[in-house]
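Visitor: Here you go, this is query-v7.txt (compact mmCIF, C-alpha atoms).
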# COMPACT_ATOMS: atom_id res chain seq x y z
CA MET A 595 0.00 0.00 0.00
CA PRO A 596 1.40 3.44 -0.84
CA ALA A 597 2.99 5.12 2.16
CA ASP A 598 0.92 8.29 1.73
CA ALA A 599 -2.33 6.32 2.10
CA ALA A 600 -1.15 4.89 5.40
CA HIS A 601 -0.04 8.36 6.53
CA ASP A 602 -3.41 9.90 5.67
CA THR A 603 -5.31 7.42 7.84
CA ALA A 604 -2.89 7.66 10.74
CA THR A 605 -2.92 11.45 10.58
CA ALA A 606 -6.71 11.56 10.59
CA ALA A 607 -6.82 9.28 13.62
CA ASP A 608 -4.31 11.49 15.44
CA GLU A 609 -6.31 14.62 14.63
CA TRP A 610 -9.52 13.06 15.93
CA ALA A 611 -7.89 12.35 19.29
CA LEU A 612 -6.60 15.89 19.53
CA GLU A 613 -8.06 18.38 22.01
CA VAL A 614 -8.06 22.06 21.04
CA GLU A 615 -4.56 23.49 21.42
CA ARG A 616 -3.51 27.07 20.66
CA ARG A 617 -0.10 27.85 19.22
CA ILE A 618 1.64 31.08 18.31
CA CYS A 619 4.30 30.78 15.61
CA GLU A 620 6.54 33.67 14.56
CA VAL A 621 7.56 33.66 10.91
CA PRO A 622 11.38 33.57 10.62
CA VAL A 623 13.32 35.61 8.08
CA GLY A 624 13.90 32.53 5.93
CA MET A 625 10.16 32.14 5.37
CA HIS A 626 9.51 35.74 4.30
CA GLY A 627 7.17 35.73 1.29
CA TRP A 628 6.18 32.08 1.65
CA ARG A 629 2.65 30.79 1.17
CA ILE A 630 1.02 30.49 4.56
CA ASP A 631 0.12 26.80 4.13
CA ARG A 632 3.72 25.96 3.25
CA ALA A 633 5.01 27.88 6.26
CA LEU A 634 2.54 26.22 8.62
CA ALA A 635 3.57 22.79 7.33
CA GLN A 636 7.16 23.65 8.33
CA LEU A 637 6.31 25.33 11.63
CA ILE A 638 3.87 22.60 12.74
CA PRO A 639 5.34 19.54 10.97
CA GLU A 640 3.47 16.90 12.95
CA PHE A 641 0.29 17.60 10.98
CA SER A 642 -0.44 17.25 7.28
CA ARG A 643 -0.73 20.30 5.06
CA SER A 644 -4.29 19.29 4.09
CA TYR A 645 -5.26 19.32 7.79
CA LEU A 646 -3.73 22.77 8.27
CA GLN A 647 -5.48 24.05 5.15
CA GLN A 648 -8.77 22.79 6.57
CA LEU A 649 -8.07 24.68 9.79
CA MET A 650 -7.64 27.85 7.73
CA ALA A 651 -10.92 27.20 5.92
CA ASP A 652 -12.58 26.83 9.34
CA GLY A 653 -11.23 30.19 10.54
CA ALA A 654 -8.77 28.68 13.01
CA VAL A 655 -5.66 30.51 11.71
CA GLN A 656 -5.09 34.23 12.30
CA VAL A 657 -2.41 36.52 10.91
CA ARG A 658 -1.98 39.87 12.64
CA GLY A 659 -5.24 39.19 14.47
CA VAL A 660 -7.26 38.58 11.28
CA PRO A 661 -8.51 35.09 10.28
CA GLN A 662 -6.74 33.92 7.12
CA SER A 663 -8.63 31.37 5.03
CA LYS A 664 -6.62 31.63 1.81
CA ALA A 665 -3.90 28.95 1.73
CA SER A 666 -1.93 30.81 -0.94
CA ALA A 667 -1.70 34.07 1.04
CA ARG A 668 1.86 35.33 1.50
CA ILE A 669 3.37 36.04 4.91
CA ALA A 670 6.18 38.27 6.07
CA ALA A 671 9.09 37.79 8.47
CA GLY A 672 7.99 38.64 11.99
CA ASP A 673 4.31 37.85 11.41
CA GLN A 674 2.70 35.98 14.28
CA LEU A 675 0.47 33.10 13.26
CA HIS A 676 -2.16 32.20 15.85
CA VAL A 677 -3.34 28.65 15.23
CA GLU A 678 -6.11 26.68 16.95
CA LEU A 679 -5.32 23.01 16.51
CA ARG A 680 -8.73 21.43 16.70
CA PRO A 681 -10.53 18.46 15.20
CA THR A 682 -11.88 19.08 11.70
CA GLN A 683 -14.93 17.37 10.21
CA GLN A 684 -12.63 15.02 8.32
CA ALA A 685 -10.68 14.17 11.46
CA GLN A 686 -13.84 13.45 13.42
CA ALA A 687 -15.02 11.15 10.62
CA PHE A 688 -12.43 8.53 11.53
CA VAL A 689 -14.25 7.25 14.59
CA PRO A 690 -15.81 3.85 15.30
CA GLU A 691 -19.56 3.51 14.86
CA ALA A 692 -21.65 0.45 15.59
CA ILE A 693 -22.96 -0.33 12.11
CA ALA A 694 -24.40 -3.75 11.34
CA LEU A 695 -22.22 -5.40 8.68
CA ASP A 696 -23.58 -8.22 6.51
CA VAL A 697 -20.53 -10.49 6.74
CA VAL A 698 -20.17 -13.13 4.02
CA PHE A 699 -16.72 -14.39 5.06
CA GLU A 700 -14.23 -13.49 7.78
CA ASP A 701 -10.94 -14.73 9.14
CA ALA A 702 -7.89 -13.07 10.69
CA ASP A 703 -6.80 -11.45 7.40
CA LEU A 704 -9.83 -11.07 5.15
CA LEU A 705 -13.37 -9.76 5.44
CA VAL A 706 -15.95 -10.07 2.67
CA ILE A 707 -19.17 -8.14 3.18
CA HIS A 708 -22.39 -7.56 1.32
CA LYS A 709 -22.79 -3.78 1.09
CA PRO A 710 -26.41 -2.62 0.95
CA ALA A 711 -27.44 0.15 -1.42
CA GLY A 712 -27.32 3.50 0.35
CA LEU A 713 -24.22 2.80 2.47
CA VAL A 714 -21.34 5.18 1.74
CA VAL A 715 -17.97 3.40 1.74
CA HIS A 716 -15.58 6.18 2.79
CA PRO A 717 -16.16 9.49 4.61
CA ALA A 718 -16.36 12.51 2.32
CA ALA A 719 -18.08 15.86 2.13
CA GLY A 720 -21.74 15.42 3.07
CA ASN A 721 -21.13 11.94 4.50
CA TRP A 722 -18.66 12.27 7.36
CA THR A 723 -20.36 9.62 9.52
CA GLY A 724 -22.34 6.41 9.09
CA THR A 725 -19.94 5.01 6.48
CA LEU A 726 -18.53 1.53 5.99
CA LEU A 727 -15.16 2.83 7.25
CA ASN A 728 -16.79 3.90 10.53
CA GLY A 729 -18.35 0.46 10.84
CA LEU A 730 -15.03 -1.30 10.20
CA LEU A 731 -13.32 0.74 12.92
CA ALA A 732 -15.91 -0.61 15.36
CA HIS A 733 -15.89 -4.14 13.92
CA HIS A 734 -12.28 -5.02 14.77
CA ALA A 735 -9.50 -3.28 16.66
CA GLY A 736 -6.89 -3.70 13.95
CA ALA A 737 -8.79 -1.53 11.47
CA ALA A 738 -7.53 1.68 13.09
CA SER A 739 -3.92 0.86 12.13
CA LEU A 740 -4.70 0.05 8.49
CA PRO A 741 -4.88 2.44 5.52
CA ARG A 742 -8.56 3.33 5.01
CA ALA A 743 -9.43 0.73 7.69
CA GLY A 744 -8.55 -2.02 5.19
CA ILE A 745 -10.81 -0.87 2.33
CA VAL A 746 -9.07 -1.81 -0.94
CA HIS A 747 -11.81 -1.00 -3.47
CA ARG A 748 -15.12 0.81 -3.45
CA LEU A 749 -18.69 0.54 -4.57
CA ASP A 750 -20.81 3.61 -5.30
CA LYS A 751 -23.21 4.57 -2.53
CA ASP A 752 -26.25 3.22 -4.40
CA THR A 753 -24.57 0.07 -5.75
CA SER A 754 -25.11 -3.08 -3.70
CA GLY A 755 -23.06 -6.23 -3.41
CA LEU A 756 -19.78 -7.87 -2.47
CA MET A 757 -16.76 -5.97 -1.17
CA LEU A 758 -13.29 -7.09 -0.08
CA VAL A 759 -11.65 -5.66 3.04
CA GLY A 760 -8.20 -6.51 4.39
CA LYS A 761 -7.88 -7.06 8.15
CA SER A 762 -4.06 -7.16 8.33
CA ARG A 763 -1.41 -5.05 6.66
CA GLN A 764 -0.11 -8.11 4.82
CA ALA A 765 -3.58 -8.82 3.46
CA VAL A 766 -4.23 -5.19 2.46
CA GLU A 767 -0.98 -4.97 0.52
CA ALA A 768 -1.59 -8.34 -1.18
CA LEU A 769 -5.17 -7.39 -2.15
CA VAL A 770 -4.02 -4.06 -3.61
CA ARG A 771 -1.40 -5.87 -5.71
CA ALA A 772 -3.88 -8.54 -6.84
CA ILE A 773 -6.48 -5.97 -7.92
CA ALA A 774 -3.84 -3.95 -9.79
CA ALA A 775 -2.66 -7.15 -11.53
CA ARG A 776 -6.28 -8.01 -12.44
CA GLU A 777 -6.10 -11.21 -10.40
CA VAL A 778 -9.41 -10.49 -8.65
CA SER A 779 -12.46 -11.27 -10.78
CA ARG A 780 -15.36 -8.87 -10.14
CA GLN A 781 -18.69 -9.44 -11.86
CA TYR A 782 -21.87 -7.41 -11.64
CA LEU A 783 -25.52 -7.76 -12.57
CA ALA A 784 -27.05 -4.71 -14.23
CA LEU A 785 -30.57 -3.87 -15.36
CA ALA A 786 -30.39 -1.52 -18.34
CA HIS A 787 -32.88 0.40 -20.44
CA GLY A 788 -33.90 -0.85 -23.89
CA ARG A 789 -33.93 -4.01 -25.94
CA TRP A 790 -30.37 -5.20 -26.40
CA LYS A 791 -28.61 -4.08 -29.57
CA GLY A 792 -25.64 -5.76 -31.21
CA MET A 793 -23.76 -8.87 -30.17
CA GLU A 794 -24.67 -10.73 -27.00
CA ASP A 795 -21.06 -10.48 -25.82
CA GLN A 796 -19.40 -7.08 -26.08
CA HIS A 797 -16.00 -5.94 -24.89
CA VAL A 798 -15.96 -2.21 -24.23
CA ASP A 799 -12.51 -0.64 -24.35
CA GLN A 800 -13.18 3.08 -23.94
CA PRO A 801 -11.15 5.53 -21.81
CA ILE A 802 -12.93 7.30 -18.96
CA GLY A 803 -12.30 10.75 -17.53
CA ARG A 804 -14.12 13.66 -15.95
CA ASP A 805 -16.99 14.96 -18.10
CA VAL A 806 -15.88 18.39 -19.33
CA HIS A 807 -19.50 19.60 -19.39
CA ASN A 808 -20.51 18.30 -15.95
CA ARG A 809 -17.85 17.85 -13.28
CA LEU A 810 -20.13 15.58 -11.25
CA ARG A 811 -20.07 12.96 -14.01
CA MET A 812 -17.51 10.76 -15.66
CA ALA A 813 -17.60 10.14 -19.41
CA VAL A 814 -15.94 8.33 -22.29
CA VAL A 815 -13.38 10.94 -23.26
CA ARG A 816 -10.33 11.16 -25.46
CA VAL A 817 -8.43 14.21 -24.28
CA GLU A 818 -4.76 14.78 -24.94
CA GLY A 819 -2.58 15.28 -21.90
CA GLY A 820 -3.55 12.15 -20.00
CA SER A 821 -6.75 13.35 -18.33
CA SER A 822 -8.53 10.08 -19.21
CA LYS A 823 -7.62 6.55 -18.18
CA THR A 824 -8.01 3.25 -19.99
CA ALA A 825 -11.15 1.36 -19.01
CA GLN A 826 -12.28 -2.09 -20.07
CA THR A 827 -15.57 -3.85 -19.35
CA THR A 828 -16.92 -7.09 -20.80
CA VAL A 829 -20.72 -7.25 -21.05
CA ARG A 830 -22.83 -10.35 -21.65
CA LEU A 831 -26.56 -10.34 -22.33
CA LEU A 832 -28.58 -12.57 -19.98
CA ASP A 833 -32.13 -11.61 -21.02
CA THR A 834 -33.89 -8.82 -22.89
CA CYS A 835 -37.35 -7.44 -23.63
CA ASP A 836 -38.72 -4.32 -25.29
CA GLN A 837 -38.13 -2.09 -22.28
CA ALA A 838 -34.97 -3.43 -20.67
CA SER A 839 -32.06 -5.84 -20.68
CA LEU A 840 -30.38 -7.83 -17.93
CA VAL A 841 -26.62 -8.09 -18.38
CA ALA A 842 -23.57 -9.42 -16.59
CA CYS A 843 -20.56 -7.10 -16.51
CA LYS A 844 -16.98 -8.02 -15.73
CA LEU A 845 -14.52 -5.28 -14.76
CA HIS A 846 -11.00 -5.48 -16.15
CA THR A 847 -10.14 -2.04 -14.73
CA GLY A 848 -11.62 -0.13 -11.82
CA ARG A 849 -12.44 3.42 -12.93
CA THR A 850 -14.97 5.63 -11.17
CA HIS A 851 -18.52 4.80 -12.35
CA GLN A 852 -17.00 2.51 -15.00
CA ILE A 853 -19.95 0.19 -15.66
CA ARG A 854 -22.44 3.05 -15.50
CA VAL A 855 -20.43 5.08 -18.02
CA HIS A 856 -19.79 2.17 -20.40
CA MET A 857 -23.42 1.08 -20.35
CA ALA A 858 -24.53 4.63 -21.15
CA TRP A 859 -21.95 4.70 -23.98
CA LEU A 860 -23.57 1.51 -25.35
CA ALA A 861 -26.91 3.42 -25.31
CA HIS A 862 -28.18 1.20 -22.50
CA PRO A 863 -28.05 3.40 -19.36
CA LEU A 864 -28.89 1.63 -16.12
CA VAL A 865 -32.45 1.74 -14.87
CA GLY A 866 -32.64 4.34 -12.08
CA ASP A 867 -29.28 5.91 -12.97
CA THR A 868 -30.43 9.47 -13.59
CA LEU A 869 -26.85 10.81 -13.61
CA TYR A 870 -26.11 8.87 -16.79
CA GLY A 871 -29.39 9.05 -18.65
CA GLY A 872 -31.43 6.37 -16.90
CA ARG A 873 -34.81 6.88 -15.26
CA ALA A 874 -36.73 5.37 -12.39
CA LEU A 875 -38.68 2.29 -13.43
CA TRP A 876 -40.37 -0.61 -11.63
CA GLY A 877 -39.57 0.94 -8.26
CA MET A 878 -35.82 1.28 -8.95
CA THR A 879 -34.85 4.82 -7.95
CA ARG A 880 -31.14 3.97 -7.67
CA GLN A 881 -28.81 2.62 -10.34
CA SER A 882 -29.68 -1.04 -10.94
CA LEU A 883 -26.22 -2.42 -10.31
CA HIS A 884 -25.21 -5.27 -8.00
CA ALA A 885 -21.74 -6.72 -7.33
CA ALA A 886 -22.76 -10.35 -7.55
CA ARG A 887 -19.56 -12.36 -7.79
CA LEU A 888 -15.99 -12.23 -6.49
CA GLU A 889 -13.24 -14.71 -7.25
CA LEU A 890 -9.71 -14.47 -5.90
CA ARG A 891 -6.95 -16.22 -4.02
CA HIS A 892 -6.81 -15.62 -0.30
CA PRO A 893 -4.31 -12.77 0.21
CA VAL A 894 -2.30 -14.70 2.81
CA SER A 895 -2.93 -18.45 2.38
CA GLY A 896 -3.38 -18.40 -1.40
CA GLN A 897 -6.50 -20.56 -1.14
CA PRO A 898 -8.93 -20.11 -4.08
CA LEU A 899 -12.09 -18.30 -2.95
CA LEU A 900 -15.41 -17.73 -4.70
CA PHE A 901 -18.26 -15.63 -3.33
CA ARG A 902 -21.73 -15.03 -4.80
CA SER A 903 -24.46 -12.64 -3.75
CA GLU A 904 -28.10 -12.68 -4.78
CA PRO A 905 -29.55 -9.35 -6.00
CA PRO A 906 -31.39 -7.39 -3.28
CA ALA A 907 -35.16 -7.26 -3.04
CA ASP A 908 -35.65 -4.02 -5.00
CA MET A 909 -33.71 -5.36 -7.97
CA LEU A 910 -35.47 -8.75 -7.91
CA LEU A 911 -38.84 -6.98 -7.83
CA ALA A 912 -37.83 -4.84 -10.82
CA LEU A 913 -36.78 -7.94 -12.75
CA GLU A 914 -40.09 -9.62 -11.96
CA SER A 915 -42.03 -6.51 -12.99
CA SER A 916 -40.09 -6.23 -16.25
CA GLY A 917 -40.69 -9.84 -17.20
CA LEU A 918 -36.99 -10.54 -17.40
CA HIS A 919 -35.67 -13.81 -16.03
CA TYR A 920 -32.78 -14.12 -13.62
CA ASN A 921 -31.36 -17.61 -13.16
CA ALA A 922 -28.92 -17.62 -10.27
CA SER A 923 -27.22 -20.75 -11.58
CA GLY A 924 -27.38 -19.68 -15.21
CA TRP A 925 -24.27 -17.52 -15.18
CA ASP A 926 -20.88 -18.14 -13.62
CA SER A 927 -17.26 -17.33 -14.16
CA ASP A 928 -17.59 -17.24 -17.93
CA SER A 929 -20.87 -15.32 -17.91
CA ALA A 930 -18.90 -12.19 -18.59
CA ALA A 931 -15.52 -13.66 -19.35
For the file at hand, write its structure as structure tokens.

Guide:
Amino acid sequence: MPADAAHDTATAADEWALEVERRICEVPVGMHGWRIDRALAQLIPEFSRSYLQQLMADGAVQVRGVPQSKASARIAAGDQLHVELRPTQQAQAFVPEAIALDVVFEDADLLVIHKPAGLVVHPAAGNWTGTLLNGLLAHHAGAASLPRAGIVHRLDKDTSGLMLVGKSRQAVEALVRAIAAREVSRQYLALAHGRWKGMEDQHVDQPIGRDVHNRLRMAVVRVEGGSSKTAQTTVRLLDTCDQASLVACKLHTGRTHQIRVHMAWLAHPLVGDTLYGGRALWGMTRQSLHAARLELRHPVSGQPLLFRSEPPADMLLALESSGLHYNASGWDSDSAA
């Protein structure tokens, strides 16, 4: 696992435990003209620059008695910086919360859970509490010492299904390597709009990047300068009717919103996925996407592991209402191979 990821989690945990402390730092001659965030990072080196920038945004840093919220502001030799070291929202997010986890498999090194739709995986703006990370910190003591509490991949908030979590540093590092080497097979069930067009098996190899017209979305983009990343998804048709199609999708890369973007590019946006052109139908008001199958080798023992997860009730009801047929035993490792 990259060292900076481990540092971020440890730093956040340290900040959470911190009580409010006030410091006065005088700017030395050698820092005359520096950006204030750079100077603070040198004067208070035990905290990350991002934490200190957040303090400024919260009004906790004063220069010459005036709160300074602009990280790029320049300071002068002799200036006194008054800093209140206090927990930020981000810091307070890294706390244990008793959240019921639907555990599929667990041993000393590996945890496999079924994530329900609606559960946010990692704290972020607007969702600082009630996340899977908070639940993991309460679930086992070792999570606090692991990068991102052992989370090695994510599912969107409104996507349901199987997730891998490492419980030891050895397991986390091995899982990260295995995912990067495409040694973890991840397959999804998706309910998409429209009668299926084209071949039953389609391999989508289209780069994904930030949508230049809407920064909240991702898109298939080809922009010079490396702003897009390669993305590959294999899609297999399982059943289709006039209004919708049921497909199995296998990820070969792990880009943000990858299946949702590639399905929209195929002109089959997911039912309920309003961000990418879908609409609510048959009671599905979230994207109709479920992580249904995981296959990997145990990160420590090397034992082959296979996990399956049935679609949740809302998705099964939508399939029944659409007239599409889902056969749990009718697709397996080569369903989207």

Visitor: Which residues are near region 842-847 of chain A? Cut-off 6 Å, all atoms listed in the file, ignore same chain within fewer than 3 positions. Put them as a list of chain:residue names.

Guide: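 Once the nearby chain positions are removed, what remains is A:Arg780, A:Gln781, A:Tyr782, A:Leu783, A:Ala825, A:Gln826, A:Thr827, A:Thr828, A:Val829, A:Arg830, A:Ala930.
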
Visitor: Take the selection from the previous step and output its residues with C-alpha atoms, as a PDB file, in the coordinates of the input.

Guide:
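Written out: selection-v1.pdb:
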ATOM      1  CA  ARG A 780     -15.360  -8.870 -10.140  1.00  0.00           C
ATOM      2  CA  GLN A 781     -18.690  -9.440 -11.860  1.00  0.00           C
ATOM      3  CA  TYR A 782     -21.870  -7.410 -11.640  1.00  0.00           C
ATOM      4  CA  LEU A 783     -25.520  -7.760 -12.570  1.00  0.00           C
ATOM      5  CA  ALA A 825     -11.150   1.360 -19.010  1.00  0.00           C
ATOM      6  CA  GLN A 826     -12.280  -2.090 -20.070  1.00  0.00           C
ATOM      7  CA  THR A 827     -15.570  -3.850 -19.350  1.00  0.00           C
ATOM      8  CA  THR A 828     -16.920  -7.090 -20.800  1.00  0.00           C
ATOM      9  CA  VAL A 829     -20.720  -7.250 -21.050  1.00  0.00           C
ATOM     10  CA  ARG A 830     -22.830 -10.350 -21.650  1.00  0.00           C
ATOM     11  CA  ALA A 930     -18.900 -12.190 -18.590  1.00  0.00           C
TER      12      ALA A 930
END

Visitor: Just to confirm, what's the straight-line distance from CA of Val660 (chain A) to CA of Glu640 (chain A) in Å (one decimal)?

Guide: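 It comes out at 24.2 Å.
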
Visitor: Set the distance at 8 Å and use all atoms listed in the file: which residues neighbour Leu832 (chain A) once local chain neighbours fewer than 3 positions away are removed? I'd like the list as a PyMOL selection string.

Guide: chain A and resi 839-842+920

Visitor: Just want the 8 Å neighbourhood of region 641-650 of chain A, counted on all atoms listed in the file, with same-chain residues fewer than 2 positions away dropped. Output as a list of chain:residue names.

Guide: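 Close residues of region 641-650 of chain A: A:Thr605, A:Asp631, A:Arg632, A:Leu634, A:Ala635, A:Ile638, A:Pro639, A:Asp652, A:Gly653, A:Ala654, A:Val655, A:Pro661, A:Gln662, A:Ser663, A:Lys664, A:Ala665, A:Glu678, A:Leu679, A:Arg680, A:Thr682.
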
Visitor: Could you tell me how far CA of Gly744 (chain A) sits from CA of Asp703 (chain A), in Å to one decimal place?

Guide: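 Between CA of Asp703 (chain A) and CA of Gly744 (chain A) the gap works out to 9.8 Å.
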
Visitor: Neighbourhood query: residues within 6 Å of (0.7, 40.2, 8.9), file coordinates, counting all atoms listed in the file; return as a compact mmCIF listing (two decimals) with C-alpha atoms, keeping the file's coordinate frame.

Guide:
# COMPACT_ATOMS: atom_id res chain seq x y z
CA VAL A 657 -2.41 36.52 10.91
CA ARG A 658 -1.98 39.87 12.64
CA ASP A 673 4.31 37.85 11.41

Visitor: Please provide as a list of chain:residue names all residues within 9 Å of Leu749 (chain A), with the sequence filter that same-chain residues fewer than 6 positions apart are discarded (counting all atoms listed in the file).

Guide: A:Lys709, A:Val714, A:Val715, A:Gly755, A:Leu756, A:Met757, A:His851, A:Ala885

Visitor: Rounded to one decimal, what separation in Å do you get between CA of Ile693 (chain A) and CA of Pro710 (chain A)?

Guide: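 Between CA of Ile693 (chain A) and CA of Pro710 (chain A) the gap works out to 11.9 Å.
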
Visitor: Sort by chain and increasing residue number a table of all residues of region 713-789 of chain A within 7 Å of region 852-865 of chain A, each with its closest pair of atoms and their distance in Å to one decimal, counting only C-alpha atoms, and write it as JSON lines.

Guide:
{"residue": "A:Ala784", "atom": "CA", "partner": "A:Leu864", "partner_atom": "CA", "distance": 6.9}
{"residue": "A:Leu785", "atom": "CA", "partner": "A:Leu864", "partner_atom": "CA", "distance": 5.8}
{"residue": "A:Ala786", "atom": "CA", "partner": "A:Leu864", "partner_atom": "CA", "distance": 4.1}
{"residue": "A:His787", "atom": "CA", "partner": "A:His862", "partner_atom": "CA", "distance": 5.2}
{"residue": "A:Gly788", "atom": "CA", "partner": "A:His862", "partner_atom": "CA", "distance": 6.2}

Visitor: Around (-7.4, 3.7, -22.0), as given in the file, which residues come within 8 Å? Count all atoms listed in the file and list them as a ChimeraX atom specification.

Guide: /A:799-802,822-826

Visitor: Nearest to Ala738 (chain A): which of A:Thr879, A:Thr725, A:Thr753, A:Ser762 is it, counting all atoms listed in the file?

Guide: A:Ser762

Visitor: Using only C-alpha atoms, find the one residue out of A:Arg887, A:Lys791, A:Arg849, A:His919 that sits nearest to Arg804 (chain A).

Guide: A:Arg849

Visitor: For Gly896 (chain A), which residue out of A:Val697, A:Ala768, A:Ala633, A:Leu911 is the nearest one, using all atoms listed in the file?

Guide: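 Closest to Gly896 (chain A) of all the choices is A:Ala768.
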
Visitor: Which one is closest to Asn808 (chain A): A:Arg880, A:Asp908, A:Leu869, A:Met625? Count only C-alpha atoms.

Guide: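 Result for the nearest residue to Asn808 (chain A): A:Leu869.
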
Visitor: For each of A:Val689, A:Ala765, A:Leu758, A:Met793, take the minimum atom-to-atom distance to Val778 (chain A), counting only C-alpha atoms, then give the residue where this is smallest.

Guide: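 Smallest distance to Val778 (chain A) is found for A:Leu758.
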
Visitor: Out of A:Thr850, A:Ser903, A:Ser882, A:Thr834, which residue has the shortest atom-to-atom distance to Gly917 (chain A) when counting all atoms listed in the file?

Guide: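 Among the listed residues, A:Thr834 lies closest to Gly917 (chain A).
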
Visitor: Write out as JSON an axis-aligned box for region 801-819 of chain A: all of its atoms listed in the file, 3 Å added on each side, centre and edge lengths in Å with one decimal.

Guide:
{"center_x": -11.5, "center_y": 12.6, "center_z": -18.4, "size_x": 23.9, "size_y": 20.1, "size_z": 20.2}
